[in-house]
>>> print(open('start.cif').read())   # mmCIF, N, CA and C atoms
data_run
#
loop_
_atom_site.label_atom_id
_atom_site.label_comp_id
_atom_site.auth_asym_id
_atom_site.auth_seq_id
_atom_site.Cartn_x
_atom_site.Cartn_y
_atom_site.Cartn_z
N MET A 8 37.69 -42.54 -37.28
CA MET A 8 38.96 -41.87 -37.48
C MET A 8 40.07 -42.70 -36.83
N GLU A 9 41.18 -42.82 -37.52
CA GLU A 9 42.30 -43.61 -37.03
C GLU A 9 43.25 -42.73 -36.23
N SER A 10 43.64 -43.19 -35.06
CA SER A 10 44.59 -42.42 -34.26
C SER A 10 46.01 -42.79 -34.65
N LEU A 11 46.96 -41.98 -34.23
CA LEU A 11 48.35 -42.22 -34.57
C LEU A 11 48.87 -43.55 -34.04
N GLY A 12 48.35 -44.04 -32.95
CA GLY A 12 48.84 -45.27 -32.36
C GLY A 12 48.11 -46.52 -32.80
N SER A 13 47.19 -46.39 -33.73
CA SER A 13 46.39 -47.56 -34.12
C SER A 13 47.15 -48.44 -35.10
N ALA A 14 46.59 -49.61 -35.35
CA ALA A 14 47.20 -50.57 -36.28
C ALA A 14 47.18 -50.01 -37.70
N PRO A 15 48.13 -50.43 -38.53
CA PRO A 15 48.15 -49.93 -39.91
C PRO A 15 46.92 -50.42 -40.68
N ALA A 16 46.65 -49.70 -41.76
CA ALA A 16 45.51 -50.07 -42.61
C ALA A 16 45.73 -51.44 -43.23
N ASP A 17 44.65 -52.03 -43.72
CA ASP A 17 44.76 -53.33 -44.38
C ASP A 17 45.72 -53.23 -45.56
N PRO A 18 46.41 -54.33 -45.88
CA PRO A 18 47.33 -54.29 -47.02
C PRO A 18 46.57 -54.02 -48.32
N VAL A 19 47.28 -53.42 -49.25
CA VAL A 19 46.70 -53.14 -50.56
C VAL A 19 46.42 -54.48 -51.24
N SER A 20 45.37 -54.54 -52.01
CA SER A 20 44.91 -55.82 -52.58
C SER A 20 45.94 -56.51 -53.46
N TYR A 21 46.85 -55.77 -54.05
CA TYR A 21 47.83 -56.40 -54.94
C TYR A 21 49.06 -56.92 -54.21
N GLU A 22 49.19 -56.70 -52.92
CA GLU A 22 50.37 -57.14 -52.18
C GLU A 22 50.41 -58.65 -52.02
N GLY A 23 51.61 -59.20 -52.00
CA GLY A 23 51.78 -60.62 -51.76
C GLY A 23 53.12 -61.11 -52.27
N VAL A 24 53.33 -62.42 -52.14
CA VAL A 24 54.56 -63.06 -52.61
C VAL A 24 54.15 -64.28 -53.43
N TRP A 25 54.74 -64.39 -54.61
CA TRP A 25 54.47 -65.50 -55.51
C TRP A 25 55.81 -66.11 -55.91
N ARG A 26 55.83 -67.44 -56.04
CA ARG A 26 57.06 -68.15 -56.40
C ARG A 26 56.72 -69.24 -57.40
N PHE A 27 57.54 -69.37 -58.42
CA PHE A 27 57.37 -70.46 -59.37
C PHE A 27 58.74 -70.99 -59.76
N THR A 28 58.76 -72.23 -60.18
CA THR A 28 60.01 -72.85 -60.61
C THR A 28 59.98 -73.11 -62.10
N ALA A 29 61.17 -73.24 -62.66
CA ALA A 29 61.31 -73.51 -64.09
C ALA A 29 62.58 -74.30 -64.31
N SER A 30 62.62 -75.00 -65.40
CA SER A 30 63.84 -75.69 -65.79
C SER A 30 64.87 -74.66 -66.23
N ALA A 31 66.13 -74.96 -66.00
CA ALA A 31 67.21 -74.05 -66.39
C ALA A 31 67.53 -74.25 -67.87
N VAL A 32 66.59 -73.85 -68.72
CA VAL A 32 66.73 -73.96 -70.17
C VAL A 32 66.37 -72.61 -70.80
N ASP A 33 66.84 -72.39 -72.02
CA ASP A 33 66.62 -71.11 -72.69
C ASP A 33 65.15 -70.69 -72.75
N ALA A 34 64.25 -71.64 -72.96
CA ALA A 34 62.83 -71.32 -73.08
C ALA A 34 62.25 -70.73 -71.80
N SER A 35 62.93 -70.91 -70.69
CA SER A 35 62.44 -70.37 -69.42
C SER A 35 62.61 -68.86 -69.32
N VAL A 36 63.48 -68.29 -70.13
CA VAL A 36 63.71 -66.83 -70.06
C VAL A 36 62.44 -66.07 -70.47
N PRO A 37 61.92 -66.26 -71.68
CA PRO A 37 60.68 -65.53 -72.02
C PRO A 37 59.50 -65.99 -71.17
N SER A 38 59.47 -67.25 -70.78
CA SER A 38 58.36 -67.74 -69.95
C SER A 38 58.34 -67.02 -68.60
N ALA A 39 59.49 -66.84 -68.00
CA ALA A 39 59.56 -66.14 -66.71
C ALA A 39 59.15 -64.68 -66.86
N ARG A 40 59.64 -64.05 -67.91
CA ARG A 40 59.29 -62.65 -68.15
C ARG A 40 57.78 -62.49 -68.32
N HIS A 41 57.17 -63.37 -69.13
CA HIS A 41 55.72 -63.31 -69.34
C HIS A 41 54.96 -63.62 -68.06
N ALA A 42 55.45 -64.56 -67.26
CA ALA A 42 54.77 -64.91 -66.01
C ALA A 42 54.78 -63.72 -65.05
N VAL A 43 55.89 -63.01 -64.98
CA VAL A 43 55.97 -61.84 -64.09
C VAL A 43 55.03 -60.74 -64.59
N ARG A 44 55.05 -60.48 -65.89
CA ARG A 44 54.16 -59.46 -66.45
C ARG A 44 52.69 -59.82 -66.20
N ASP A 45 52.33 -61.07 -66.44
CA ASP A 45 50.95 -61.52 -66.23
C ASP A 45 50.54 -61.39 -64.77
N LEU A 46 51.45 -61.73 -63.86
CA LEU A 46 51.17 -61.60 -62.43
C LEU A 46 50.88 -60.15 -62.06
N LEU A 47 51.73 -59.24 -62.50
CA LEU A 47 51.54 -57.82 -62.18
C LEU A 47 50.23 -57.31 -62.76
N ASP A 48 49.90 -57.73 -63.99
CA ASP A 48 48.62 -57.33 -64.60
C ASP A 48 47.44 -57.90 -63.82
N ARG A 49 47.52 -59.19 -63.53
CA ARG A 49 46.42 -59.88 -62.82
C ARG A 49 46.16 -59.27 -61.45
N GLN A 50 47.23 -58.86 -60.77
CA GLN A 50 47.09 -58.29 -59.43
C GLN A 50 46.72 -56.80 -59.48
N GLY A 51 46.77 -56.20 -60.65
CA GLY A 51 46.43 -54.79 -60.77
C GLY A 51 47.47 -53.88 -60.13
N VAL A 52 48.73 -54.25 -60.22
CA VAL A 52 49.80 -53.46 -59.60
C VAL A 52 49.98 -52.15 -60.38
N PRO A 53 49.91 -51.02 -59.68
CA PRO A 53 50.03 -49.71 -60.35
C PRO A 53 51.49 -49.33 -60.59
N ILE A 54 52.16 -50.08 -61.46
CA ILE A 54 53.57 -49.85 -61.74
C ILE A 54 53.71 -49.00 -63.00
N GLU A 55 54.61 -48.00 -62.94
CA GLU A 55 54.85 -47.16 -64.11
C GLU A 55 55.47 -47.99 -65.22
N ASP A 56 55.16 -47.65 -66.46
CA ASP A 56 55.62 -48.45 -67.59
C ASP A 56 57.14 -48.53 -67.68
N ASP A 57 57.84 -47.42 -67.44
CA ASP A 57 59.31 -47.45 -67.49
C ASP A 57 59.88 -48.40 -66.44
N ILE A 58 59.30 -48.39 -65.25
CA ILE A 58 59.74 -49.28 -64.18
C ILE A 58 59.44 -50.73 -64.57
N LEU A 59 58.26 -50.96 -65.13
CA LEU A 59 57.87 -52.31 -65.57
C LEU A 59 58.85 -52.84 -66.61
N GLN A 60 59.17 -52.02 -67.61
CA GLN A 60 60.09 -52.47 -68.66
C GLN A 60 61.46 -52.81 -68.08
N GLY A 61 61.94 -51.99 -67.15
CA GLY A 61 63.21 -52.28 -66.48
C GLY A 61 63.14 -53.56 -65.67
N LEU A 62 62.03 -53.76 -64.96
CA LEU A 62 61.86 -54.97 -64.16
C LEU A 62 61.85 -56.22 -65.04
N LEU A 63 61.16 -56.15 -66.17
CA LEU A 63 61.11 -57.30 -67.07
C LEU A 63 62.47 -57.61 -67.68
N LEU A 64 63.24 -56.56 -67.95
CA LEU A 64 64.61 -56.78 -68.45
C LEU A 64 65.46 -57.43 -67.36
N ILE A 65 65.28 -57.01 -66.12
CA ILE A 65 66.00 -57.62 -65.00
C ILE A 65 65.65 -59.10 -64.89
N VAL A 66 64.37 -59.42 -64.98
CA VAL A 66 63.95 -60.83 -64.93
C VAL A 66 64.65 -61.62 -66.03
N SER A 67 64.66 -61.09 -67.24
CA SER A 67 65.31 -61.77 -68.36
C SER A 67 66.79 -61.99 -68.09
N GLU A 68 67.46 -60.97 -67.59
CA GLU A 68 68.90 -61.08 -67.33
C GLU A 68 69.19 -62.09 -66.22
N LEU A 69 68.43 -62.05 -65.15
CA LEU A 69 68.69 -62.96 -64.03
C LEU A 69 68.40 -64.41 -64.40
N VAL A 70 67.31 -64.65 -65.11
CA VAL A 70 67.00 -66.02 -65.53
C VAL A 70 68.03 -66.49 -66.56
N THR A 71 68.42 -65.62 -67.47
CA THR A 71 69.46 -65.98 -68.45
C THR A 71 70.74 -66.38 -67.75
N ASN A 72 71.15 -65.61 -66.74
CA ASN A 72 72.36 -65.96 -65.99
C ASN A 72 72.25 -67.33 -65.35
N ALA A 73 71.11 -67.62 -64.77
CA ALA A 73 70.92 -68.94 -64.13
C ALA A 73 70.97 -70.05 -65.17
N VAL A 74 70.38 -69.82 -66.33
CA VAL A 74 70.36 -70.82 -67.39
C VAL A 74 71.77 -71.05 -67.94
N LYS A 75 72.48 -69.96 -68.20
CA LYS A 75 73.79 -70.07 -68.85
C LYS A 75 74.90 -70.49 -67.90
N HIS A 76 74.83 -70.09 -66.64
CA HIS A 76 75.96 -70.30 -65.74
C HIS A 76 75.72 -71.29 -64.61
N ALA A 77 74.47 -71.63 -64.32
CA ALA A 77 74.20 -72.48 -63.17
C ALA A 77 73.54 -73.80 -63.52
N ALA A 78 73.09 -73.96 -64.75
CA ALA A 78 72.28 -75.13 -65.11
C ALA A 78 72.97 -76.46 -64.85
N LEU A 79 74.27 -76.51 -64.99
CA LEU A 79 74.99 -77.77 -64.79
C LEU A 79 74.79 -78.31 -63.37
N LEU A 80 74.88 -77.43 -62.38
CA LEU A 80 74.69 -77.84 -60.99
C LEU A 80 73.28 -77.58 -60.47
N SER A 81 72.50 -76.84 -61.24
CA SER A 81 71.16 -76.47 -60.81
C SER A 81 70.20 -76.54 -62.00
N PRO A 82 69.68 -77.73 -62.29
CA PRO A 82 68.80 -77.87 -63.46
C PRO A 82 67.44 -77.20 -63.30
N GLU A 83 67.15 -76.70 -62.11
CA GLU A 83 65.90 -75.98 -61.86
C GLU A 83 66.23 -74.66 -61.18
N LEU A 84 65.46 -73.64 -61.51
CA LEU A 84 65.62 -72.34 -60.87
C LEU A 84 64.26 -71.90 -60.33
N ALA A 85 64.28 -70.96 -59.42
CA ALA A 85 63.04 -70.43 -58.85
C ALA A 85 63.00 -68.92 -59.04
N VAL A 86 61.84 -68.43 -59.40
CA VAL A 86 61.62 -66.99 -59.53
C VAL A 86 60.60 -66.61 -58.47
N GLU A 87 60.91 -65.58 -57.72
CA GLU A 87 59.98 -65.10 -56.70
C GLU A 87 59.69 -63.63 -56.95
N VAL A 88 58.43 -63.27 -56.82
CA VAL A 88 57.99 -61.88 -56.97
C VAL A 88 57.29 -61.50 -55.67
N ALA A 89 57.80 -60.46 -55.03
CA ALA A 89 57.19 -59.92 -53.81
C ALA A 89 56.72 -58.51 -54.13
N ILE A 90 55.46 -58.23 -53.82
CA ILE A 90 54.88 -56.93 -54.14
C ILE A 90 54.36 -56.31 -52.85
N ALA A 91 54.77 -55.08 -52.60
CA ALA A 91 54.28 -54.32 -51.45
C ALA A 91 53.55 -53.08 -51.98
N ALA A 92 53.11 -52.25 -51.08
CA ALA A 92 52.31 -51.09 -51.47
C ALA A 92 53.03 -50.16 -52.44
N ASP A 93 54.36 -50.03 -52.30
CA ASP A 93 55.06 -49.08 -53.16
C ASP A 93 56.34 -49.63 -53.79
N TRP A 94 56.55 -50.93 -53.76
CA TRP A 94 57.73 -51.53 -54.40
C TRP A 94 57.44 -52.96 -54.85
N VAL A 95 58.31 -53.45 -55.73
CA VAL A 95 58.25 -54.82 -56.20
C VAL A 95 59.68 -55.38 -56.17
N ARG A 96 59.78 -56.62 -55.72
CA ARG A 96 61.09 -57.28 -55.64
C ARG A 96 61.00 -58.58 -56.43
N VAL A 97 61.96 -58.77 -57.32
CA VAL A 97 62.04 -60.01 -58.08
C VAL A 97 63.37 -60.67 -57.74
N SER A 98 63.33 -61.99 -57.56
CA SER A 98 64.57 -62.72 -57.27
C SER A 98 64.59 -64.01 -58.06
N VAL A 99 65.81 -64.44 -58.37
CA VAL A 99 66.03 -65.71 -59.04
C VAL A 99 67.00 -66.51 -58.19
N GLU A 100 66.59 -67.73 -57.87
CA GLU A 100 67.39 -68.60 -57.02
C GLU A 100 67.82 -69.84 -57.80
N ASP A 101 69.08 -70.22 -57.60
CA ASP A 101 69.57 -71.48 -58.17
C ASP A 101 70.46 -72.14 -57.12
N ASN A 102 70.84 -73.36 -57.39
CA ASN A 102 71.63 -74.13 -56.43
C ASN A 102 73.12 -74.14 -56.72
N HIS A 103 73.57 -73.29 -57.63
CA HIS A 103 74.99 -73.20 -57.94
C HIS A 103 75.66 -72.29 -56.91
N PRO A 104 76.81 -72.68 -56.35
CA PRO A 104 77.43 -71.88 -55.29
C PRO A 104 78.15 -70.63 -55.76
N TYR A 105 78.46 -70.50 -57.05
CA TYR A 105 79.22 -69.34 -57.53
C TYR A 105 78.42 -68.06 -57.33
N ARG A 106 79.06 -67.08 -56.72
CA ARG A 106 78.43 -65.78 -56.50
C ARG A 106 78.97 -64.80 -57.54
N PRO A 107 78.17 -64.45 -58.54
CA PRO A 107 78.65 -63.58 -59.61
C PRO A 107 78.82 -62.14 -59.15
N THR A 108 79.62 -61.39 -59.90
CA THR A 108 79.79 -59.96 -59.66
C THR A 108 79.54 -59.23 -60.97
N ALA A 109 79.12 -57.99 -60.88
CA ALA A 109 78.87 -57.19 -62.07
C ALA A 109 80.22 -56.80 -62.69
N LEU A 110 80.39 -57.13 -63.96
CA LEU A 110 81.62 -56.78 -64.67
C LEU A 110 81.55 -55.34 -65.13
N GLU A 111 82.71 -54.75 -65.30
CA GLU A 111 82.77 -53.39 -65.83
C GLU A 111 82.51 -53.44 -67.34
N THR A 112 82.20 -52.30 -67.89
CA THR A 112 81.92 -52.21 -69.32
C THR A 112 83.17 -52.52 -70.13
N ASP A 113 83.06 -53.46 -71.03
CA ASP A 113 84.12 -53.82 -71.97
C ASP A 113 83.44 -53.96 -73.32
N TYR A 114 83.56 -52.95 -74.15
CA TYR A 114 82.83 -52.92 -75.40
C TYR A 114 83.31 -53.96 -76.40
N ALA A 115 84.48 -54.55 -76.17
CA ALA A 115 84.98 -55.61 -77.04
C ALA A 115 84.28 -56.94 -76.76
N GLN A 116 83.72 -57.07 -75.56
CA GLN A 116 83.02 -58.29 -75.18
C GLN A 116 81.59 -58.27 -75.68
N THR A 117 81.09 -59.41 -76.13
CA THR A 117 79.72 -59.47 -76.61
C THR A 117 78.74 -59.91 -75.53
N GLY A 118 79.20 -60.27 -74.38
CA GLY A 118 78.33 -60.70 -73.29
C GLY A 118 79.01 -60.47 -71.95
N GLY A 119 78.36 -60.95 -70.91
CA GLY A 119 78.97 -60.88 -69.59
C GLY A 119 78.66 -59.62 -68.80
N ARG A 120 77.77 -58.79 -69.31
CA ARG A 120 77.46 -57.55 -68.60
C ARG A 120 76.04 -57.53 -68.04
N GLY A 121 75.40 -58.69 -67.95
CA GLY A 121 74.02 -58.76 -67.49
C GLY A 121 73.82 -58.21 -66.09
N LEU A 122 74.71 -58.56 -65.16
CA LEU A 122 74.55 -58.05 -63.79
C LEU A 122 74.85 -56.56 -63.71
N LEU A 123 75.76 -56.08 -64.55
CA LEU A 123 76.00 -54.64 -64.60
C LEU A 123 74.74 -53.92 -65.07
N LEU A 124 74.08 -54.49 -66.07
CA LEU A 124 72.82 -53.92 -66.57
C LEU A 124 71.76 -53.93 -65.47
N VAL A 125 71.65 -55.03 -64.74
CA VAL A 125 70.70 -55.13 -63.63
C VAL A 125 70.99 -54.04 -62.60
N LYS A 126 72.25 -53.89 -62.27
CA LYS A 126 72.65 -52.89 -61.27
C LYS A 126 72.30 -51.47 -61.73
N VAL A 127 72.59 -51.16 -62.98
CA VAL A 127 72.32 -49.82 -63.52
C VAL A 127 70.81 -49.54 -63.56
N ILE A 128 70.03 -50.48 -64.07
CA ILE A 128 68.57 -50.30 -64.14
C ILE A 128 68.00 -50.10 -62.74
N THR A 129 68.47 -50.91 -61.81
CA THR A 129 67.98 -50.83 -60.43
C THR A 129 68.31 -49.48 -59.80
N GLU A 130 69.56 -49.05 -59.94
CA GLU A 130 69.97 -47.77 -59.35
C GLU A 130 69.24 -46.59 -59.99
N GLU A 131 69.07 -46.62 -61.31
CA GLU A 131 68.37 -45.53 -61.99
C GLU A 131 66.91 -45.42 -61.55
N ALA A 132 66.31 -46.55 -61.19
CA ALA A 132 64.92 -46.54 -60.72
C ALA A 132 64.82 -46.16 -59.25
N GLY A 133 65.95 -46.08 -58.55
CA GLY A 133 65.92 -45.78 -57.13
C GLY A 133 65.76 -47.02 -56.26
N GLY A 134 66.12 -48.18 -56.81
CA GLY A 134 65.98 -49.43 -56.08
C GLY A 134 67.31 -49.96 -55.58
N THR A 135 67.29 -51.22 -55.15
CA THR A 135 68.49 -51.89 -54.67
C THR A 135 68.53 -53.31 -55.23
N CYS A 136 69.73 -53.86 -55.29
CA CYS A 136 69.89 -55.24 -55.72
C CYS A 136 71.07 -55.86 -54.99
N ASP A 137 71.08 -57.19 -54.93
CA ASP A 137 72.17 -57.87 -54.22
C ASP A 137 72.17 -59.35 -54.59
N VAL A 138 73.19 -60.03 -54.14
CA VAL A 138 73.32 -61.48 -54.28
C VAL A 138 73.50 -62.02 -52.87
N GLU A 139 72.73 -63.07 -52.54
CA GLU A 139 72.81 -63.69 -51.22
C GLU A 139 72.99 -65.18 -51.38
N HIS A 140 73.68 -65.78 -50.41
CA HIS A 140 73.81 -67.24 -50.39
C HIS A 140 72.58 -67.85 -49.72
N THR A 141 72.22 -69.04 -50.17
CA THR A 141 71.12 -69.76 -49.53
C THR A 141 71.68 -70.75 -48.52
N ALA A 142 70.85 -71.22 -47.65
CA ALA A 142 71.27 -72.21 -46.64
C ALA A 142 71.76 -73.49 -47.30
N GLY A 143 71.24 -73.80 -48.49
CA GLY A 143 71.62 -75.02 -49.20
C GLY A 143 72.87 -74.87 -50.04
N GLY A 144 73.52 -73.71 -50.02
CA GLY A 144 74.75 -73.51 -50.76
C GLY A 144 74.59 -72.85 -52.12
N GLY A 145 73.39 -72.54 -52.50
CA GLY A 145 73.15 -71.85 -53.77
C GLY A 145 73.15 -70.35 -53.57
N LYS A 146 72.43 -69.66 -54.44
CA LYS A 146 72.36 -68.21 -54.33
C LYS A 146 71.01 -67.68 -54.79
N ILE A 147 70.72 -66.49 -54.30
CA ILE A 147 69.54 -65.73 -54.73
C ILE A 147 70.06 -64.37 -55.19
N ILE A 148 69.69 -64.01 -56.41
CA ILE A 148 70.02 -62.68 -56.91
C ILE A 148 68.70 -61.92 -57.01
N TRP A 149 68.65 -60.74 -56.41
CA TRP A 149 67.38 -60.03 -56.34
C TRP A 149 67.55 -58.55 -56.67
N ALA A 150 66.43 -57.97 -57.07
CA ALA A 150 66.36 -56.52 -57.32
C ALA A 150 65.00 -56.04 -56.83
N ALA A 151 65.00 -54.95 -56.11
CA ALA A 151 63.77 -54.33 -55.62
C ALA A 151 63.66 -52.94 -56.23
N LEU A 152 62.51 -52.67 -56.83
CA LEU A 152 62.28 -51.38 -57.50
C LEU A 152 61.02 -50.73 -56.94
N PRO A 153 61.02 -49.40 -56.90
CA PRO A 153 59.79 -48.71 -56.53
C PRO A 153 58.77 -48.87 -57.65
N LEU A 154 57.49 -48.77 -57.32
CA LEU A 154 56.46 -48.85 -58.35
C LEU A 154 56.36 -47.57 -59.16
N LYS A 155 56.80 -46.48 -58.57
CA LYS A 155 56.74 -45.17 -59.23
C LYS A 155 58.12 -44.55 -59.23
N THR A 156 58.40 -43.73 -60.24
CA THR A 156 59.68 -43.04 -60.34
C THR A 156 59.90 -42.17 -59.10
N GLN A 157 61.10 -42.29 -58.56
CA GLN A 157 61.47 -41.50 -57.38
C GLN A 157 61.90 -40.11 -57.81
N LEU A 158 61.33 -39.09 -57.24
CA LEU A 158 61.67 -37.71 -57.59
C LEU A 158 62.68 -37.13 -56.66
#
>>> encode(input="start.cif", output="structure tokens")
Amino acid sequence: MESLGSAPADPVSYEGVWRFTASAVDASVPSARHAVRDLLDRQGVPIEDDILQGLLLIVSELVTNAVKHAALLSPELAVEVAIAADWVRVSVEDNHPYRPTALETDYAQTGGRGLLLVKVITEEAGGTCDVEHTAGGGKIIWAALPLKTQL
């Protein structure tokens, strides 16, 4: 029997951090999305389907932003997936110094709302997202979502 003051239980088997790099080209968008899905499947992560679909859309949006807006100064991007017992965090890092902001809805525009979409999906799932600067002058854009819908 475990007492209240004892060490926490062993980590769940699917927990960990994985990182991969890709060229900042259009083909990296579906490749990154498939790599994240395959990782979650391979690790046996018990993520609800609605959360998974939102997470994969976030991956697509973040990689697309890096490809479209950072490729000139950052020909390579990195995707990191961190999985804990009850949440998953995905981040995309590039070496471009520009820190984007989520634009408001403008129905006349055909693009430019990717970060707004990321923010909305994240908030609806009960997660958080942010943009951080890296020590090298680039940025990391990340979103953390619960594995299960928050009631």
>>> closest_residue(input="start.cif", among="A:Ser35, A:Asn102, A:Thr71, A:Gln60", to="Lys146 of chain A", atoms="all atoms listed in the file")
A:Asn102
>>> residues_around(input="start.cif", residues="segment 126-133 of chain A", least_positions_apart="3", cutoff="6 Å", atoms="only N, CA and C atoms", output="ChimeraX atom specification")
/A:121-123,152-153,157
>>> select_by_dssp(input="start.cif", residues="segment 40-85 of chain A", states="alpha helix (DSSP H)", output="MDAnalysis selection string")
chainID A and resid 40:50 56:76
>>> select_by_dssp(input="start.cif", residues="segment 12-146 of chain A", states="strand (DSSP E or B)", output="PyMOL selection string")
chain A and resi 23-30+83-90+94-101+135-140+146
>>> resolve_selection(input="start.cif", expression="the PyMOL selection byres ((chain A and resi 18-33) around 6.5)", output="JSON, numbers by chain")
{"A": [16, 17, 34, 35, 36, 37, 50, 51, 52, 73, 74, 78, 81, 82, 83, 84, 85, 86, 87, 88, 89, 90, 91, 92]}
>>> atom_distance(input="start.cif", atom1="atom C of Ser38 of chain A", atom2="atom C of Ala142 of chain A")
26.0 Å
>>> resolve_selection(input="start.cif", expression="the PyMOL selection byres (((chain A and resi 149 and name CA) around 6) and name CA)", output="ChimeraX atom specification")
/A:97-98,136-137,148,150
>>> atom_distance(input="start.cif", atom1="atom CA of Val95 of chain A", atom2="atom N of Gly61 of chain A")
11.9 Å
>>> atom_distance(input="start.cif", atom1="atom CA of Glu100 of chain A", atom2="atom CA of Val70 of chain A")
8.9 Å
>>> closest_residue(input="start.cif", among="A:Leu80, A:Asn72, A:Thr156, A:Ala42", to="Val99 of chain A", atoms="only C-alpha atoms")
A:Asn72
>>> closest_residue(input="start.cif", among="A:Glu68, A:Asp56, A:Asp93, A:Asp45", to="Leu124 of chain A", atoms="only N, CA and C atoms")
A:Glu68
>>> residues_around(input="start.cif", residues="Gly145 of chain A", least_positions_apart="6", cutoff="7 Å", atoms="only C-alpha atoms", output="list in words")
Asp101, Asn102, His103 and Pro104 of chain A
